[in-house]
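Trainee: One structure follows; several queries about it will come next.
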Amino acid sequence: MHEMAIAQQIVGIVEDTLRSHPNAKCKTVHVRIGELTAVIPESLTFAYQAITTDTPLSESILKIKSMPILAECKSCLQKFGIKDFDFLCPFCQSQDLEVRQGKELHVEKLELDE
Amino acid sequence: MNVITIERKILEKNEDLAKLNRETFKQKNIFVLDLLSSPGSGKTSILEKTLETISKQVGIAVIEGDVQTDNDAQRIAKHNVPVVQIITMGGCHLDAQLVRNAMDSLPLDEIQLLFIENVGNLVCPAEFDLGEHEKVVILSTTEGDDKPLKYPAAFRNARTCILNKTDLLPHVDFSVEDFKKNALKINPNLTLFEMSAKTGEGIEAWTDWLTQKIKNG
């Protein structure tokens, strides 16, 4: 359940940002989570709700954008999505790929009521 | 409604600390491996066999991560190498700060190789950079040859993989060929080792690889 540790880091970043907006109330926290990370969105939502209960963030919602895995083939330079973690170029069958998307663990933006 | 763009990495604090750890390891010329596996796959047994084989030629230290007990540290200490036990009190993974704290208790000037034995868990530790050179994922033959497909992050983030308990192959329903196929499907660049920490079979290829890595700096 490392989603708890990740939720704590998200709350830290939100609190950090709210310091320069002292009268604002945070409504929504937007995060991007790559499908190649070992993070389960449902667990992260649960963890976020659990640690923000009875805090100034208790009414805020965590919105998770799941980022599918995209790769670029280093041999033929084609770009494509990876399904079922099959790291193989569908165009030239090369396994020499660069993952371009899917490793994200980012706080994207906040929606504030000011 | 006011929208504020942030674009910050969620694990930025951990990444900053991992970077600091990495700088310290580089400065002290220490090769560092983070060992990942599910509980009971033989991480500590592999370490014990490794220490038996090369701890006289190479200065080695171990950081042990467990949810509870210092049983593993006691096993390692019998081999007369410096060892620090981190007890996470329920935490499912080690992070860069915990490793940094543990580093304070280790004679970093006297070692060339540091093993960090992560908490037994194939999911959570995959996401946390500790400042290591490589993550090593360990699987045992009693766990099933499809595990790489079930835990892709661990196998994708590792550079090296050990298949342990090969002495049990005649007794379990485990296809080494399927396992290799699955592991290399997730990560074609994995270096694979097969061994039995119990009998010592295959340990030499692993320790040769370790000493070569240390030599190459």
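Going through the structure tokens in order, the chains are called A, B, and so on, while each chain numbers its residues from 1 and the ligands are numbered from 1 in the order shown.
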Counting only C-alpha atoms, collect the residues of chain B whose closest atom lies at most 9 Å from chain A, and write them out as a tab-separated table (two decimals) with N, CA and C atoms, in the first residue's frame.
Mentor:
```tsv
chain	number	residue	atom	x	y	z
B	1	MET	N	-13.63	29.98	-10.12
B	1	MET	CA	-12.63	28.89	-9.95
B	1	MET	C	-11.31	29.28	-10.61
B	2	ASN	N	-10.27	29.12	-9.86
B	2	ASN	CA	-8.95	29.49	-10.34
B	2	ASN	C	-8.12	28.21	-10.55
B	3	VAL	N	-7.55	28.06	-11.72
B	3	VAL	CA	-6.76	26.86	-11.99
B	3	VAL	C	-5.27	27.20	-11.92
B	4	ILE	N	-4.56	26.47	-11.10
B	4	ILE	CA	-3.11	26.72	-10.97
B	4	ILE	C	-2.33	25.52	-11.51
B	5	THR	N	-1.53	25.78	-12.51
B	5	THR	CA	-0.72	24.71	-13.08
B	5	THR	C	0.49	24.47	-12.17
B	6	ILE	N	0.75	23.21	-11.85
B	6	ILE	CA	1.86	22.91	-10.93
B	6	ILE	C	2.96	22.13	-11.64
B	7	GLU	N	2.61	21.02	-12.26
B	7	GLU	CA	3.59	20.16	-12.95
B	7	GLU	C	4.79	19.83	-12.06
B	8	ARG	N	4.51	19.14	-10.96
B	8	ARG	CA	5.62	18.68	-10.12
B	8	ARG	C	5.57	17.17	-9.99
B	9	LYS	N	6.74	16.56	-9.93
B	9	LYS	CA	6.79	15.12	-9.74
B	9	LYS	C	6.34	14.79	-8.32
B	10	ILE	N	5.45	13.81	-8.21
B	10	ILE	CA	4.93	13.46	-6.89
B	10	ILE	C	6.05	12.98	-5.98
B	11	LEU	N	6.98	12.23	-6.52
B	11	LEU	CA	8.05	11.68	-5.70
B	11	LEU	C	9.33	12.52	-5.76
B	12	GLU	N	9.16	13.84	-6.00
B	12	GLU	CA	10.35	14.69	-6.19
B	12	GLU	C	11.27	14.68	-4.97
B	13	LYS	N	10.68	14.65	-3.76
B	13	LYS	CA	11.53	14.66	-2.55
B	13	LYS	C	12.37	13.40	-2.51
B	91	GLY	N	5.50	-0.15	6.97
B	91	GLY	CA	5.78	0.42	5.64
B	91	GLY	C	6.14	-0.68	4.65
B	92	CYS	N	5.62	-0.56	3.42
B	92	CYS	CA	5.74	-1.66	2.47
B	92	CYS	C	6.96	-1.54	1.56
B	93	HIS	N	7.78	-0.51	1.76
B	93	HIS	CA	8.93	-0.31	0.87
B	93	HIS	C	9.96	0.55	1.59
B	123	VAL	N	5.59	-5.20	-5.51
B	123	VAL	CA	4.86	-4.07	-6.07
B	123	VAL	C	5.49	-2.73	-5.68
B	124	CYS	N	5.38	-2.42	-4.39
B	124	CYS	CA	5.69	-1.06	-3.93
B	124	CYS	C	7.15	-0.64	-4.13
B	125	PRO	N	8.15	-1.49	-3.79
B	125	PRO	CA	9.54	-1.01	-3.89
B	125	PRO	C	9.94	-0.65	-5.32
B	126	ALA	N	9.21	-1.14	-6.31
B	126	ALA	CA	9.58	-0.87	-7.70
B	126	ALA	C	9.58	0.62	-8.02
B	127	GLU	N	8.76	1.37	-7.32
B	127	GLU	CA	8.54	2.78	-7.67
B	127	GLU	C	9.52	3.73	-7.00
B	149	LEU	N	4.76	-11.12	-15.79
B	149	LEU	CA	3.60	-10.49	-16.43
B	149	LEU	C	2.68	-9.87	-15.39
B	151	TYR	N	3.69	-8.63	-12.39
B	151	TYR	CA	4.35	-7.52	-11.69
B	151	TYR	C	5.29	-6.80	-12.64
B	152	PRO	N	4.75	-6.22	-13.71
B	152	PRO	CA	5.61	-5.67	-14.77
B	152	PRO	C	6.52	-4.53	-14.31
B	153	ALA	N	6.05	-3.69	-13.36
B	153	ALA	CA	6.88	-2.55	-12.95
B	153	ALA	C	8.19	-3.05	-12.34
B	154	ALA	N	8.11	-4.07	-11.49
B	154	ALA	CA	9.32	-4.58	-10.84
B	154	ALA	C	10.30	-5.12	-11.89
B	156	ARG	N	10.34	-4.40	-15.14
B	156	ARG	CA	10.74	-3.36	-16.09
B	156	ARG	C	11.80	-2.44	-15.47
B	184	LEU	N	11.68	-11.44	-20.40
B	184	LEU	CA	12.30	-10.67	-21.48
B	184	LEU	C	11.26	-9.93	-22.32
B	185	LYS	N	10.03	-10.39	-22.24
B	185	LYS	CA	8.95	-9.67	-22.92
B	185	LYS	C	8.74	-8.30	-22.22
B	186	ILE	N	8.76	-8.33	-20.90
B	186	ILE	CA	8.59	-7.09	-20.13
B	186	ILE	C	9.84	-6.22	-20.25
B	187	ASN	N	11.00	-6.87	-20.21
B	187	ASN	CA	12.25	-6.12	-20.22
B	187	ASN	C	13.34	-6.89	-20.98
B	188	PRO	N	13.47	-6.61	-22.28
B	188	PRO	CA	14.42	-7.35	-23.13
B	188	PRO	C	15.87	-7.16	-22.71
B	189	ASN	N	16.16	-6.15	-21.90
B	189	ASN	CA	17.55	-5.88	-21.52
B	189	ASN	C	17.97	-6.54	-20.21
```
Trainee: Any idea what's packed within 8 Å of A:Cys76, counting only C-alpha atoms, ignoring anything in its chain fewer than 2 positions away? Could you give it as an mmCIF file with all heavy atoms, in the first residue's frame?
Mentor:
```cif
data_model
loop_
_atom_site.group_PDB
_atom_site.id
_atom_site.type_symbol
_atom_site.label_atom_id
_atom_site.label_comp_id
_atom_site.auth_asym_id
_atom_site.auth_seq_id
_atom_site.Cartn_x
_atom_site.Cartn_y
_atom_site.Cartn_z
ATOM 1 N N CYS A 73 10.187 3.232 -31.258
ATOM 2 C CA CYS A 73 11.157 2.207 -31.656
ATOM 3 C C CYS A 73 12.462 2.891 -32.052
ATOM 4 O O CYS A 73 12.472 3.820 -32.855
ATOM 5 C CB CYS A 73 10.621 1.392 -32.825
ATOM 6 S SG CYS A 73 11.816 0.191 -33.430
ATOM 7 N N LYS A 74 13.560 2.419 -31.458
ATOM 8 C CA LYS A 74 14.844 3.056 -31.764
ATOM 9 C C LYS A 74 15.371 2.611 -33.125
ATOM 10 O O LYS A 74 16.265 3.244 -33.668
ATOM 11 C CB LYS A 74 15.857 2.719 -30.671
ATOM 12 C CG LYS A 74 15.603 3.468 -29.375
ATOM 13 C CD LYS A 74 16.866 3.424 -28.520
ATOM 14 C CE LYS A 74 16.556 3.583 -27.055
ATOM 15 N NZ LYS A 74 17.701 3.216 -26.219
ATOM 16 N N GLN A 78 9.218 4.466 -35.314
ATOM 17 C CA GLN A 78 7.755 4.553 -35.230
ATOM 18 C C GLN A 78 7.335 4.727 -33.774
ATOM 19 O O GLN A 78 8.018 4.259 -32.872
ATOM 20 C CB GLN A 78 7.129 3.256 -35.770
ATOM 21 C CG GLN A 78 7.319 3.043 -37.242
ATOM 22 C CD GLN A 78 6.224 3.690 -38.076
ATOM 23 O OE1 GLN A 78 5.418 4.465 -37.578
ATOM 24 N NE2 GLN A 78 6.193 3.366 -39.351
ATOM 25 N N PHE A 91 5.946 -2.761 -35.907
ATOM 26 C CA PHE A 91 6.319 -2.459 -37.297
ATOM 27 C C PHE A 91 7.546 -3.255 -37.739
ATOM 28 O O PHE A 91 7.572 -3.797 -38.830
ATOM 29 C CB PHE A 91 6.572 -0.956 -37.462
ATOM 30 C CG PHE A 91 5.365 -0.135 -37.146
ATOM 31 C CD1 PHE A 91 5.196 0.434 -35.885
ATOM 32 C CD2 PHE A 91 4.366 0.054 -38.100
ATOM 33 C CE1 PHE A 91 4.074 1.178 -35.593
ATOM 34 C CE2 PHE A 91 3.240 0.798 -37.799
ATOM 35 C CZ PHE A 91 3.087 1.357 -36.553
ATOM 36 N N CYS A 92 8.576 -3.320 -36.869
ATOM 37 C CA CYS A 92 9.804 -4.003 -37.300
ATOM 38 C C CYS A 92 10.240 -5.092 -36.332
ATOM 39 O O CYS A 92 11.318 -5.654 -36.474
ATOM 40 C CB CYS A 92 10.920 -2.993 -37.528
ATOM 41 S SG CYS A 92 11.636 -2.350 -36.010
#
```
Trainee: Write out as a PyMOL selection string each polymer residue whose atoms come within 6 Å of stretch 58-74 of chain B, counting only C-alpha atoms; drop sequence neighbours fewer than 2 positions from it.
Mentor: chain B and resi 55-56+76-77+81-90+111-119
Trainee: For atom CA of B:Thr160 and atom CA of A:Ser43, determine how far apart the two atoms are, in Å to one decimal place.
Mentor: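 Atom CA of A:Ser43 lies at a distance of 28.9 Å from atom CA of B:Thr160.
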Trainee: Taking 5 positions as the minimum chain separation for residues in the same chain, which residues sit within 10 Å of B:Ser45 when counting only C-alpha atoms? Answer as a list in words.
Mentor: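 In the requested format, the answer is Gly40, Thr50, Leu51, Asp72, Arg75, Ile76, Asn164, Ser196, Ala197 and Lys198 of chain B.
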Trainee: What would the file look like if the residues just selected were written as a PDB file, in the first residue's frame with C-alpha atoms?
Mentor:
```pdb
ATOM      1  CA  GLY B  40      10.316 -15.912   0.944  1.00  0.00           C
ATOM      2  CA  THR B  50      27.236 -14.348  -1.816  1.00  0.00           C
ATOM      3  CA  LEU B  51      28.983 -13.265   1.392  1.00  0.00           C
ATOM      4  CA  ASP B  72      17.661 -10.977   8.701  1.00  0.00           C
ATOM      5  CA  ARG B  75      21.719 -13.809   9.832  1.00  0.00           C
ATOM      6  CA  ILE B  76      23.912 -11.374   7.867  1.00  0.00           C
ATOM      7  CA  ASN B 164      16.373 -18.788  -7.258  1.00  0.00           C
ATOM      8  CA  SER B 196      20.075 -22.250  -5.920  1.00  0.00           C
ATOM      9  CA  ALA B 197      21.223 -20.345  -2.849  1.00  0.00           C
ATOM     10  CA  LYS B 198      20.739 -23.587  -0.929  1.00  0.00           C
TER      11      LYS B 198
END
```
Trainee: Please return, as a PyMOL selection string, all residues of stretch 32-209 of chain B that DSSP assigns to alpha helix (DSSP H) on the basis of the backbone.
Mentor: chain B and resi 43-54+71-77+96-103+147-150+152-157+176-186+203-209
Trainee: Between A:His21, A:Gly81, A:Ser94, A:Glu15, which one has atoms that come closest to A:Thr52, using only C-alpha atoms?
Mentor: A:Glu15
Trainee: Have a look at atom CA of A:Ile82 and atom CA of A:Phe46 and let me know their distance in Å, one decimal.
Mentor: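 Atom CA of A:Ile82 sits 27.7 Å away from atom CA of A:Phe46.
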Trainee: So that I can see what lies close to B:Arg100, please list as a PyMOL selection string the residues with an atom at most 10 Å from it, counting only C-alpha atoms and leaving out residues fewer than 3 positions away in the same chain.
Mentor: chain B and resi 17-18+20-21+24+95-97+103-105+130-131
Trainee: Please provide as a PyMOL selection string all residues within 8 Å of A:Leu70, with the sequence filter that same-chain residues fewer than 2 positions apart are discarded (counting only C-alpha atoms).
Mentor: chain A and resi 68+72+79-82+99-102
Trainee: Would you save the residues from that selection as a PDB file, in the first residue's frame, using C-alpha atoms?
Mentor:
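This went into selection-v3.pdb:
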```
ATOM      1  CA  PRO A  68      -1.251   4.653 -21.316  1.00  0.00           C
ATOM      2  CA  GLU A  72       9.190   4.811 -29.740  1.00  0.00           C
ATOM      3  CA  LYS A  79       5.635   5.533 -32.232  1.00  0.00           C
ATOM      4  CA  PHE A  80       2.942   3.217 -30.850  1.00  0.00           C
ATOM      5  CA  GLY A  81       1.023   2.137 -27.749  1.00  0.00           C
ATOM      6  CA  ILE A  82       2.149  -0.848 -25.685  1.00  0.00           C
ATOM      7  CA  VAL A  99       9.213   4.435 -23.303  1.00  0.00           C
ATOM      8  CA  ARG A 100       7.883   7.930 -24.032  1.00  0.00           C
ATOM      9  CA  GLN A 101       4.812   7.872 -21.799  1.00  0.00           C
ATOM     10  CA  GLY A 102       3.486   5.726 -18.974  1.00  0.00           C
TER      11      GLY A 102
END
```
Trainee: Extract, using only C-alpha atoms, all DNA, RNA and protein residues at most 10 Å from A:Glu42, discarding same-chain residues fewer than 5 positions from it, and format them as a list of chain:residue names.
Mentor: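 Residues meeting the cut-off are A:Glu3, A:Ala47, A:Tyr48, A:Ile64.
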